[in-house]
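Reading through the structure tokens given below for one structure.
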Amino acid sequence: MKRLVIVAISLFVLIGFANAQKFKPTPDFLKGQTEINVLFDYSNVVFDGDAKSDYYEYKGDEWVEEWEGKRRTENSNSYISDINDELKKCNILVGDYPNSQYTMIVEVLDCDFGAFAGPMSVPAKLKCTIKIVKTGATEVLASITLKESQNPFSAVGTPIDFDRMYLAFGEMGEEVGEKLVKVLK
């Protein structure tokens, strides 16, 4: 019983630490902005630890074409929609605003599509580094690396791997939005 209590406390501490991630340095320079451009960078992505080329070979051409086309667009739309739901509290919109002063680069580092197995389903997981730069520049002004996953309850009813990842991108957008609101409000 004592071990169970220790394990439970350890999990709460780890979860609290994971949620305590913050932008470094704090992007308070975004105060007063109304629009932030957003770009997605998949150049360094791995899939559940596997190199992109290995994963693509395993999945096949049809899967790759859908992932790099329609699904990337849907994933970015999910991220943008959920981050904007949070940022409306600060009167800021994130999206395709190439003339805005700042750009948010969502560097996708790891995609784990999870698994569909009824009640034993595994949620999709996503790791990204969010970088904020002046539009047109490369110097990172603030960044944060986060790991998010789709809501575990939705994994049970989401048999298609692309749909699970779509939900994980939405969760990532919501988390980044919440962290920005804390800084900007």
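For the structure tokens, the naming scheme is as follows: chains receive sequential letters (A, B, ...) according to their order of presentation, residues are indexed from 1 within each chain, and ligands are indexed from 1 in presentation order.
Residues in contact with Val133 (chain A) at 9 Å, where only C-alpha atoms are counted and same-chain residues fewer than 4 positions away are skipped, are listed as Gln101, Tyr102, Thr103, Met104, Ile105, Ala137, Thr138, Glu139, Val140, Leu141 and Ala142 of chain A.
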Just write the chosen residues, all heavy atoms, as a CSV table (one decimal), in the first residue's frame.
chain,number,residue,atom,x,y,z
A,101,GLN,N,4.2,41.0,-37.5
A,101,GLN,CA,5.6,41.3,-37.0
A,101,GLN,C,6.3,40.0,-36.6
A,101,GLN,O,7.5,39.9,-36.7
A,101,GLN,CB,5.5,42.3,-35.9
A,101,GLN,CG,6.8,42.7,-35.4
A,101,GLN,CD,6.8,43.8,-34.3
A,101,GLN,OE1,5.7,44.3,-34.0
A,101,GLN,NE2,7.9,44.2,-33.8
A,102,TYR,N,5.5,39.0,-36.0
A,102,TYR,CA,6.1,37.8,-35.5
A,102,TYR,C,5.6,36.6,-36.2
A,102,TYR,O,4.4,36.5,-36.6
A,102,TYR,CB,5.9,37.7,-34.0
A,102,TYR,CG,6.5,38.8,-33.2
A,102,TYR,CD1,5.8,39.9,-32.8
A,102,TYR,CD2,7.9,38.8,-33.0
A,102,TYR,CE1,6.4,41.0,-32.1
A,102,TYR,CE2,8.5,39.8,-32.3
A,102,TYR,CZ,7.8,40.9,-31.9
A,102,TYR,OH,8.4,41.9,-31.2
A,103,THR,N,6.4,35.5,-36.2
A,103,THR,CA,6.0,34.2,-36.8
A,103,THR,C,6.3,33.1,-35.7
A,103,THR,O,7.3,33.1,-35.1
A,103,THR,CB,6.8,33.9,-38.0
A,103,THR,OG1,6.5,34.9,-39.1
A,103,THR,CG2,6.5,32.5,-38.6
A,104,MET,N,5.3,32.3,-35.6
A,104,MET,CA,5.4,31.1,-34.7
A,104,MET,C,5.7,29.9,-35.6
A,104,MET,O,5.0,29.6,-36.6
A,104,MET,CB,4.1,30.8,-34.0
A,104,MET,CG,4.0,29.6,-33.2
A,104,MET,SD,2.4,29.3,-32.4
A,104,MET,CE,2.3,30.7,-31.3
A,105,ILE,N,6.8,29.3,-35.3
A,105,ILE,CA,7.3,28.1,-36.1
A,105,ILE,C,7.0,26.9,-35.2
A,105,ILE,O,7.5,26.7,-34.1
A,105,ILE,CB,8.7,28.1,-36.5
A,105,ILE,CG1,9.0,29.4,-37.3
A,105,ILE,CG2,9.2,26.8,-37.2
A,105,ILE,CD1,10.5,29.6,-37.6
A,137,ALA,N,13.1,36.6,-40.1
A,137,ALA,CA,14.4,36.4,-39.4
A,137,ALA,C,14.5,35.0,-38.9
A,137,ALA,O,13.5,34.2,-38.9
A,137,ALA,CB,14.5,37.4,-38.2
A,138,THR,N,15.7,34.6,-38.5
A,138,THR,CA,15.9,33.2,-38.0
A,138,THR,C,16.2,33.2,-36.5
A,138,THR,O,16.1,32.1,-35.9
A,138,THR,CB,17.0,32.6,-38.7
A,138,THR,OG1,18.2,33.3,-38.6
A,138,THR,CG2,16.7,32.4,-40.2
A,139,GLU,N,16.5,34.3,-35.9
A,139,GLU,CA,16.8,34.3,-34.5
A,139,GLU,C,15.6,34.0,-33.6
A,139,GLU,O,14.5,34.6,-33.8
A,139,GLU,CB,17.4,35.7,-34.0
A,139,GLU,CG,17.7,35.8,-32.6
A,139,GLU,CD,18.1,37.2,-32.1
A,139,GLU,OE1,18.1,38.1,-32.9
A,139,GLU,OE2,18.3,37.3,-30.9
A,140,VAL,N,15.7,33.0,-32.8
A,140,VAL,CA,14.6,32.5,-32.0
A,140,VAL,C,14.5,33.5,-30.8
A,140,VAL,O,15.4,33.6,-30.0
A,140,VAL,CB,14.7,31.1,-31.5
A,140,VAL,CG1,13.6,30.7,-30.6
A,140,VAL,CG2,14.8,30.1,-32.7
A,141,LEU,N,13.3,34.1,-30.6
A,141,LEU,CA,13.1,35.1,-29.5
A,141,LEU,C,12.6,34.4,-28.3
A,141,LEU,O,12.8,34.8,-27.1
A,141,LEU,CB,12.2,36.2,-30.0
A,141,LEU,CG,12.6,37.0,-31.2
A,141,LEU,CD1,11.6,37.9,-31.6
A,141,LEU,CD2,13.9,37.7,-30.9
A,142,ALA,N,11.8,33.3,-28.5
A,142,ALA,CA,11.3,32.5,-27.4
A,142,ALA,C,10.9,31.1,-27.9
A,142,ALA,O,10.6,31.0,-29.1
A,142,ALA,CB,10.0,33.2,-26.8
Could you pull out the residues in region 2-182 of chain A that DSSP calls helix (DSSP H, G or I) from the backbone, as a ChimeraX atom specification?
/A:2-19,28-30,52-59,61-90,152-155,161-182
May I have the residues from that selection written out with C-alpha atoms, as a CSV table (one decimal), in the first residue's frame?
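Ended up saving to result29.csv:
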chain,number,residue,atom,x,y,z
A,2,LYS,CA,2.8,2.3,0.9
A,3,ARG,CA,4.5,1.7,-2.5
A,4,LEU,CA,1.2,2.5,-4.3
A,5,VAL,CA,1.0,5.8,-2.5
A,6,ILE,CA,4.6,6.7,-3.4
A,7,VAL,CA,4.0,5.7,-7.1
A,8,ALA,CA,0.8,7.9,-7.1
A,9,ILE,CA,2.6,10.9,-5.6
A,10,SER,CA,5.4,10.5,-8.1
A,11,LEU,CA,3.0,10.4,-11.0
A,12,PHE,CA,1.3,13.6,-9.8
A,13,VAL,CA,4.7,15.3,-9.5
A,14,LEU,CA,5.8,14.2,-13.0
A,15,ILE,CA,2.5,15.4,-14.5
A,16,GLY,CA,2.8,18.7,-12.7
A,17,PHE,CA,6.4,19.1,-14.0
A,18,ALA,CA,5.3,18.3,-17.6
A,19,ASN,CA,2.6,20.9,-17.3
A,28,ASP,CA,5.9,39.1,-23.4
A,29,PHE,CA,7.0,41.1,-26.5
A,30,LEU,CA,3.8,39.7,-28.1
A,52,LYS,CA,11.0,9.4,-41.8
A,53,SER,CA,12.4,7.4,-44.7
A,54,ASP,CA,11.9,4.1,-42.8
A,55,TYR,CA,8.4,4.9,-41.7
A,56,TYR,CA,7.4,6.1,-45.1
A,57,GLU,CA,8.7,3.0,-46.7
A,58,TYR,CA,6.7,0.9,-44.3
A,59,LYS,CA,3.5,2.8,-44.9
A,61,ASP,CA,3.1,5.8,-51.3
A,62,GLU,CA,-0.7,6.3,-50.8
A,63,TRP,CA,-0.3,6.9,-47.1
A,64,VAL,CA,2.7,9.3,-47.6
A,65,GLU,CA,0.7,11.2,-50.3
A,66,GLU,CA,-2.2,11.7,-47.9
A,67,TRP,CA,0.0,12.5,-44.9
A,68,GLU,CA,2.0,15.1,-46.7
A,69,GLY,CA,-1.0,16.6,-48.4
A,70,LYS,CA,-4.5,16.8,-47.1
A,71,ARG,CA,-3.7,15.5,-43.6
A,72,ARG,CA,-0.9,18.1,-42.9
A,73,THR,CA,-3.4,20.8,-43.9
A,74,GLU,CA,-6.0,19.4,-41.5
A,75,ASN,CA,-3.5,19.0,-38.7
A,76,SER,CA,-2.4,22.6,-39.0
A,77,ASN,CA,-6.0,23.7,-39.1
A,78,SER,CA,-6.7,21.8,-35.9
A,79,TYR,CA,-3.7,23.4,-34.2
A,80,ILE,CA,-4.7,26.9,-35.4
A,81,SER,CA,-8.3,26.5,-34.4
A,82,ASP,CA,-7.5,25.3,-30.9
A,83,ILE,CA,-4.8,27.9,-30.2
A,84,ASN,CA,-7.1,30.6,-31.5
A,85,ASP,CA,-9.9,29.4,-29.1
A,86,GLU,CA,-7.4,30.2,-26.3
A,87,LEU,CA,-5.8,33.4,-27.7
A,88,LYS,CA,-9.2,35.1,-28.3
A,89,LYS,CA,-9.0,35.9,-24.6
A,90,CYS,CA,-6.1,38.2,-25.5
A,152,PRO,CA,-7.3,9.3,-24.1
A,153,PHE,CA,-11.1,9.0,-24.1
A,154,SER,CA,-11.3,9.8,-27.8
A,155,ALA,CA,-8.7,7.1,-28.6
A,161,ASP,CA,-4.3,6.9,-37.4
A,162,PHE,CA,-4.6,10.3,-39.2
A,163,ASP,CA,-7.7,11.2,-37.1
A,164,ARG,CA,-5.9,10.4,-33.9
A,165,MET,CA,-3.0,12.6,-34.9
A,166,TYR,CA,-5.4,15.4,-35.9
A,167,LEU,CA,-6.7,15.3,-32.3
A,168,ALA,CA,-3.2,15.5,-30.9
A,169,PHE,CA,-2.4,18.6,-33.0
A,170,GLY,CA,-5.5,20.2,-31.6
A,171,GLU,CA,-4.4,19.4,-28.0
A,172,MET,CA,-1.0,20.9,-28.8
A,173,GLY,CA,-2.6,24.1,-30.1
A,174,GLU,CA,-4.8,24.3,-27.0
A,175,GLU,CA,-1.7,23.8,-24.7
A,176,VAL,CA,0.4,26.4,-26.5
A,177,GLY,CA,-2.6,28.9,-26.4
A,178,GLU,CA,-3.0,28.4,-22.6
A,179,LYS,CA,0.7,29.0,-22.0
A,180,LEU,CA,0.6,32.2,-24.1
A,181,VAL,CA,-2.6,33.5,-22.4
A,182,LYS,CA,-0.8,33.2,-19.0
Have a look at A:Ser43, A:Ser143, A:Asn151, A:Asn99 and name the one nearest to Ala124 (chain A); count only C-alpha atoms.
A:Asn151
Name the residues in contact with region 106-122 of chain A at a cut-off of 8 Å, using only C-alpha atoms, excluding same-chain residues fewer than 6 positions from it; report them as a count of residues only.
27
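From CA of Asp50 (chain A) back to CA of Ile132 (chain A), the distance works out to 27.4 Å.
Interatomic distance, CA of Pro123 (chain A) against CA of Glu148 (chain A): 9.9 Å.
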Those in region 111-176 of chain A with strand (DSSP E) from DSSP, as a ChimeraX atom specification:
/A:111-112,125-134,140-149
9 Å contact set for Thr34 (chain A), only C-alpha atoms, chain neighbours under 5 positions out, as a VMD selection string
chain A and resid 90 to 94 100
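Rounded to one decimal, CA of Lys22 (chain A) and CA of Leu126 (chain A) lie 17.3 Å from each other.
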From the list A:Val183, A:Ile36, A:Leu146, A:Ala51, which residue is nearest Lys134 (chain A) when using only C-alpha atoms?
A:Ile36
